[in-house]
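Content type CSV, C-alpha atoms, from the file model21.csv:
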chain,number,residue,atom,x,y,z
A,560,MET,CA,-43.3,249.9,66.9
A,561,SER,CA,-45.5,252.8,67.8
A,562,SER,CA,-48.4,252.5,70.3
A,563,PRO,CA,-51.9,253.5,69.4
A,564,CYS,CA,-51.7,255.6,72.6
A,565,ASP,CA,-48.6,257.5,71.4
A,566,PRO,CA,-48.9,261.2,72.2
A,567,GLN,CA,-48.0,262.1,68.6
A,568,HIS,CA,-51.5,260.6,67.6
A,569,ALA,CA,-53.4,262.5,70.3
A,570,PRO,CA,-55.3,265.8,69.8
A,571,ALA,CA,-53.9,268.5,72.1
A,572,GLY,CA,-57.3,269.9,72.6
A,573,ASP,CA,-58.0,273.3,74.1
A,574,VAL,CA,-55.1,273.5,76.5
A,575,GLY,CA,-55.6,277.2,77.2
A,576,ALA,CA,-59.2,276.7,78.4
A,577,ALA,CA,-58.2,273.7,80.5
A,578,LEU,CA,-55.3,275.7,82.0
A,579,MET,CA,-57.6,278.6,82.7
A,580,MET,CA,-59.9,276.3,84.7
A,581,ILE,CA,-57.1,274.8,86.7
A,582,ASP,CA,-55.4,278.1,87.3
A,583,SER,CA,-58.7,279.6,88.5
A,584,ARG,CA,-59.0,276.7,91.0
A,585,LEU,CA,-55.4,277.1,92.2
A,586,LYS,CA,-55.8,280.8,92.8
A,587,SER,CA,-59.1,280.3,94.7
A,588,ILE,CA,-57.4,277.7,97.0
A,589,HIS,CA,-54.4,280.0,97.6
A,590,ASP,CA,-56.7,282.9,98.3
A,591,GLY,CA,-58.0,280.9,101.1
A,592,LYS,CA,-61.5,280.2,99.6
A,593,THR,CA,-63.1,276.9,100.5
A,594,GLY,CA,-65.6,275.4,98.2
A,595,THR,CA,-66.4,277.0,94.9
A,596,ASP,CA,-67.2,280.7,94.7
A,597,PRO,CA,-70.7,280.9,93.3
A,598,GLU,CA,-69.7,283.7,90.9
A,599,GLN,CA,-66.7,281.8,89.7
A,600,GLN,CA,-68.8,278.7,89.2
A,601,GLU,CA,-71.4,280.7,87.2
A,602,LEU,CA,-68.7,282.0,84.9
A,603,ILE,CA,-67.3,278.4,84.4
A,604,ASP,CA,-70.8,277.1,83.7
A,605,GLN,CA,-71.4,279.9,81.2
A,606,PHE,CA,-68.1,279.2,79.6
A,607,ALA,CA,-68.8,275.4,79.4
A,608,ALA,CA,-72.2,276.1,77.9
A,609,SER,CA,-70.7,278.3,75.2
A,610,LEU,CA,-68.4,275.6,74.1
A,611,GLY,CA,-70.9,273.2,72.6
A,612,PRO,CA,-70.2,269.5,72.2
A,613,GLY,CA,-67.0,269.8,70.2
A,614,GLY,CA,-65.7,272.4,72.5
A,615,VAL,CA,-66.2,270.2,75.5
A,616,ASP,CA,-64.3,267.5,73.8
A,617,ASP,CA,-61.5,269.9,73.2
A,618,VAL,CA,-61.3,271.0,76.8
A,619,LEU,CA,-61.3,267.3,77.9
A,620,ASP,CA,-58.4,266.7,75.5
A,621,GLY,CA,-56.8,269.8,76.8
A,622,ALA,CA,-57.0,268.6,80.4
A,623,CYS,CA,-55.4,265.3,79.3
A,624,THR,CA,-52.7,267.3,77.6
A,625,LEU,CA,-52.1,269.2,80.9
A,626,ILE,CA,-51.8,265.9,82.7
A,627,TYR,CA,-49.4,264.6,80.1
A,628,MET,CA,-47.2,267.8,80.3
A,629,PHE,CA,-47.3,267.9,84.1
A,630,MET,CA,-46.3,264.2,84.3
A,631,ARG,CA,-43.6,264.7,81.7
A,632,TRP,CA,-42.1,267.5,83.8
A,633,LEU,CA,-42.4,265.5,87.0
A,634,ARG,CA,-40.8,262.4,85.3
A,635,MET,CA,-37.8,264.5,84.3
A,636,ALA,CA,-37.5,266.0,87.7
A,637,HIS,CA,-37.7,262.7,89.4
A,638,GLU,CA,-35.3,261.0,87.0
A,639,ASP,CA,-32.8,263.8,87.8
A,640,HIS,CA,-32.8,262.4,91.4
A,641,GLY,CA,-32.8,258.7,90.4
A,642,LYS,CA,-36.4,258.3,91.4
A,643,ASP,CA,-39.4,256.7,89.6
A,644,VAL,CA,-42.2,259.2,89.0
A,645,ILE,CA,-44.9,256.5,89.2
A,646,GLU,CA,-43.6,255.3,92.6
A,647,TYR,CA,-43.5,258.8,94.1
A,648,VAL,CA,-46.5,260.7,92.5
A,649,VAL,CA,-49.2,258.1,92.0
A,650,PRO,CA,-49.6,256.9,95.6
A,651,ASN,CA,-49.7,260.5,96.8
A,652,LEU,CA,-52.3,261.5,94.2
A,653,VAL,CA,-54.5,258.5,94.9
A,654,ALA,CA,-54.3,259.1,98.7
A,655,THR,CA,-55.3,262.7,98.1
A,656,MET,CA,-58.2,261.8,95.8
A,657,ARG,CA,-59.4,259.3,98.4
A,658,MET,CA,-59.8,262.2,100.9
A,659,MET,CA,-62.1,264.0,98.4
A,660,PRO,CA,-65.1,261.6,98.1
A,661,LYS,CA,-67.5,264.4,97.2
A,662,SER,CA,-65.4,265.6,94.2
A,663,VAL,CA,-63.7,262.3,93.3
A,664,PRO,CA,-66.0,259.3,93.8
A,665,PRO,CA,-64.0,256.2,94.7
A,666,GLU,CA,-65.1,254.4,91.5
A,667,THR,CA,-63.3,257.1,89.4
A,668,ILE,CA,-60.0,256.9,91.2
A,669,PRO,CA,-58.7,253.9,89.1
A,670,THR,CA,-59.4,255.8,85.9
A,671,MET,CA,-57.7,258.9,87.1
A,672,ALA,CA,-54.7,256.9,88.3
A,673,GLY,CA,-54.6,255.2,84.9
A,674,LEU,CA,-54.5,258.6,83.2
A,675,VAL,CA,-51.5,259.6,85.3
A,676,ILE,CA,-49.7,256.3,84.9
A,677,ALA,CA,-50.3,256.5,81.1
A,678,ALA,CA,-48.8,259.9,81.1
A,679,GLY,CA,-46.0,258.8,83.4
A,680,THR,CA,-45.1,256.1,80.9
A,681,ASP,CA,-45.1,258.5,78.0
A,682,LEU,CA,-48.5,257.5,76.6
A,683,SER,CA,-51.4,259.9,75.8
A,684,PRO,CA,-53.9,260.0,78.6
A,685,SER,CA,-56.7,260.9,76.3
A,686,LEU,CA,-56.0,258.1,73.9
A,687,TRP,CA,-55.5,255.7,76.7
A,688,ARG,CA,-58.9,256.7,78.2
A,689,LYS,CA,-60.7,256.7,74.8
A,690,GLN,CA,-60.0,253.0,74.3
A,691,TYR,CA,-62.5,252.4,77.1
A,692,GLY,CA,-65.3,254.5,75.6
A,693,TYR,CA,-66.5,258.1,75.9
A,694,TRP,CA,-66.0,260.1,79.1
A,695,THR,CA,-68.8,259.8,81.7
A,696,GLU,CA,-70.4,262.7,83.5
A,697,GLU,CA,-69.0,261.2,86.8
A,698,GLU,CA,-65.5,261.6,85.4
A,699,MET,CA,-65.6,265.3,84.7
A,700,THR,CA,-64.8,266.7,88.1
A,701,PRO,CA,-62.2,263.9,88.9
A,702,LEU,CA,-60.4,264.8,85.6
A,703,GLU,CA,-60.2,268.4,86.6
A,704,ALA,CA,-59.1,267.4,90.2
A,705,THR,CA,-56.4,265.2,88.7
A,706,ALA,CA,-54.9,268.0,86.6
A,707,PHE,CA,-55.3,270.4,89.6
A,708,LEU,CA,-53.6,268.0,92.0
A,709,LEU,CA,-50.7,267.5,89.6
A,710,ALA,CA,-50.3,271.3,89.2
A,711,GLU,CA,-50.5,271.8,93.0
A,712,HIS,CA,-47.9,269.0,93.5
A,713,ILE,CA,-45.5,270.8,91.0
A,714,ASN,CA,-46.1,274.1,92.7
A,715,ARG,CA,-45.3,272.6,96.1
A,716,ILE,CA,-42.1,270.9,95.1
A,717,THR,CA,-40.9,274.1,93.3
A,718,ASP,CA,-42.1,276.3,96.2
A,719,ASP,CA,-43.7,278.5,93.6
A,720,PRO,CA,-47.5,278.9,93.6
A,721,ASP,CA,-47.5,279.8,89.8
A,722,PHE,CA,-44.9,277.4,88.5
A,723,ALA,CA,-47.2,274.8,86.9
A,724,THR,CA,-49.2,277.5,85.1
A,725,ARG,CA,-46.1,279.3,83.9
A,726,LEU,CA,-44.7,275.9,82.7
A,727,ILE,CA,-47.6,275.4,80.4
A,728,THR,CA,-48.0,279.0,79.4
A,729,GLU,CA,-44.3,279.1,78.3
A,730,ALA,CA,-44.7,275.8,76.5
A,731,LEU,CA,-47.7,277.2,74.6
A,732,THR,CA,-45.8,280.4,73.8
A,733,ARG,CA,-42.9,278.4,72.4
A,734,SER,CA,-45.2,276.2,70.3
A,735,ASP,CA,-46.9,279.4,68.8
A,736,GLU,CA,-43.5,280.8,68.0
A,737,GLY,CA,-42.2,277.6,66.3
Encoded form (structure tokens):
Amino acid sequence: MSSPCDPQHAPAGDVGAALMMIDSRLKSIHDGKTGTDPEQQELIDQFAASLGPGGVDDVLDGACTLIYMFMRWLRMAHEDHGKDVIEYVVPNLVATMRMMPKSVPPETIPTMAGLVIAAGTDLSPSLWRKQYGYWTEEEMTPLEATAFLLAEHINRITDDPDFATRLITEALTRSDEG
């Protein structure tokens, strides 16, 4: 029996836009910049304003798709070593989010952990979240942080600062070809 949170029922959203935002954050961190570059933030704000309500929903779904794809890759990598992805990734992610109280308010951590656990158990993070209502303003930055932290985790374990971005870009290219 299929779950109502099965990924086949979920909209992919604008994965490209979500990836662009995450990749931009990854690059700024690796370039040694702390905080958000005001020029970069202005571009992101302009981009977000140009999306309109439907576009914002597409980017939210795209961020959830990234979380799903990152967790799928992490699950396969952990299973290759006889490890459980939930056991190894979620505590690290939660501990890191707890160290970021300005970006990730403590009350959003259970939802962000839930998204990751949903993805880690092969459920759609966006459909899992939507059963609890629409996204709140307070969840926007934590959602981005969750996708960012998963990408950074993948980049660290592969010892390649661009691996997570390349992983998604190659998957998008394959889906366009198919």
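The closest residue to Gly572 of chain A, picked from A:Asp620, A:Asp719, A:Asp681, A:Glu696 and counting only C-alpha atoms, is A:Asp620.
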Atom CA of Phe629 of chain A to atom CA of Leu709 of chain A: how many Å, to one decimal?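 Taking atom CA of Phe629 of chain A as the start and atom CA of Leu709 of chain A as the end point, the length is 6.5 Å.
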Find the distance between atom CA of Gly621 of chain A and atom CA of Asp573 of chain A and write it in Å to one decimal.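 Those two atoms sit 4.6 Å apart.
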Residues around (-46.6, 272.8, 89.5), cut-off 12 Å, counting all atoms listed in the file - what are they as JSON, numbers by chain? {"A": [578, 581, 582, 585, 625, 626, 628, 629, 630, 631, 632, 633, 636, 706, 707, 708, 709, 710, 711, 712, 713, 714, 715, 716, 717, 718, 719, 720, 721, 722, 723, 724, 725, 726, 727, 728]}
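Those residues that approach Glu697 of chain A to within 12 Å, counting all atoms listed in the file, are Pro660, Lys661, Ser662, Val663, Pro664, Pro665, Glu666, Thr667, Ile668, Thr670, Met671, Tyr693, Trp694, Thr700, Pro701, Leu702 and Glu703 of chain A; same-chain residues fewer than 3 positions away are not listed.
Between atom CA of Arg733 of chain A and atom CA of Ile645 of chain A the separation is 27.7 Å.
Between Val653 of chain A and the residues A:Thr705, A:Thr695, A:Ala678, A:Thr624, the shortest atom-to-atom distance, using all atoms listed in the file, involves A:Thr705.
With distances restricted to all atoms listed in the file, A:Gly679 is the closest residue to Tyr627 of chain A from A:Gly679, A:Gly613, A:Gly692, A:Pro563.
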Excluding Pro650 of chain A and any residue of its chain fewer than 3 positions from it, enumerate the residues within 12 Å of it, using all atoms listed in the file, and give them as a list in words.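 Once the adjacent positions are removed, what remains is Asp643, Val644, Ile645, Glu646, Tyr647, Val653, Ala654, Thr655, Met656, Arg657, Ile668, Pro669, Met671, Ala672, Gly673, Val675 and Ile676 of chain A.
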Please determine, counting all atoms listed in the file, which residue among A:Cys623, A:Met699, A:Ala730, A:Leu686 has the shortest atom-to-atom distance to Ser562 of chain A. A:Leu686
Could you list, as an NGL selection string, every residue within 9 Å of Ala677 of chain A, counting all atoms listed in the file and ignoring same-chain residues fewer than 5 positions away? :A and (564 or 627 or 672 or 682-684 or 687)
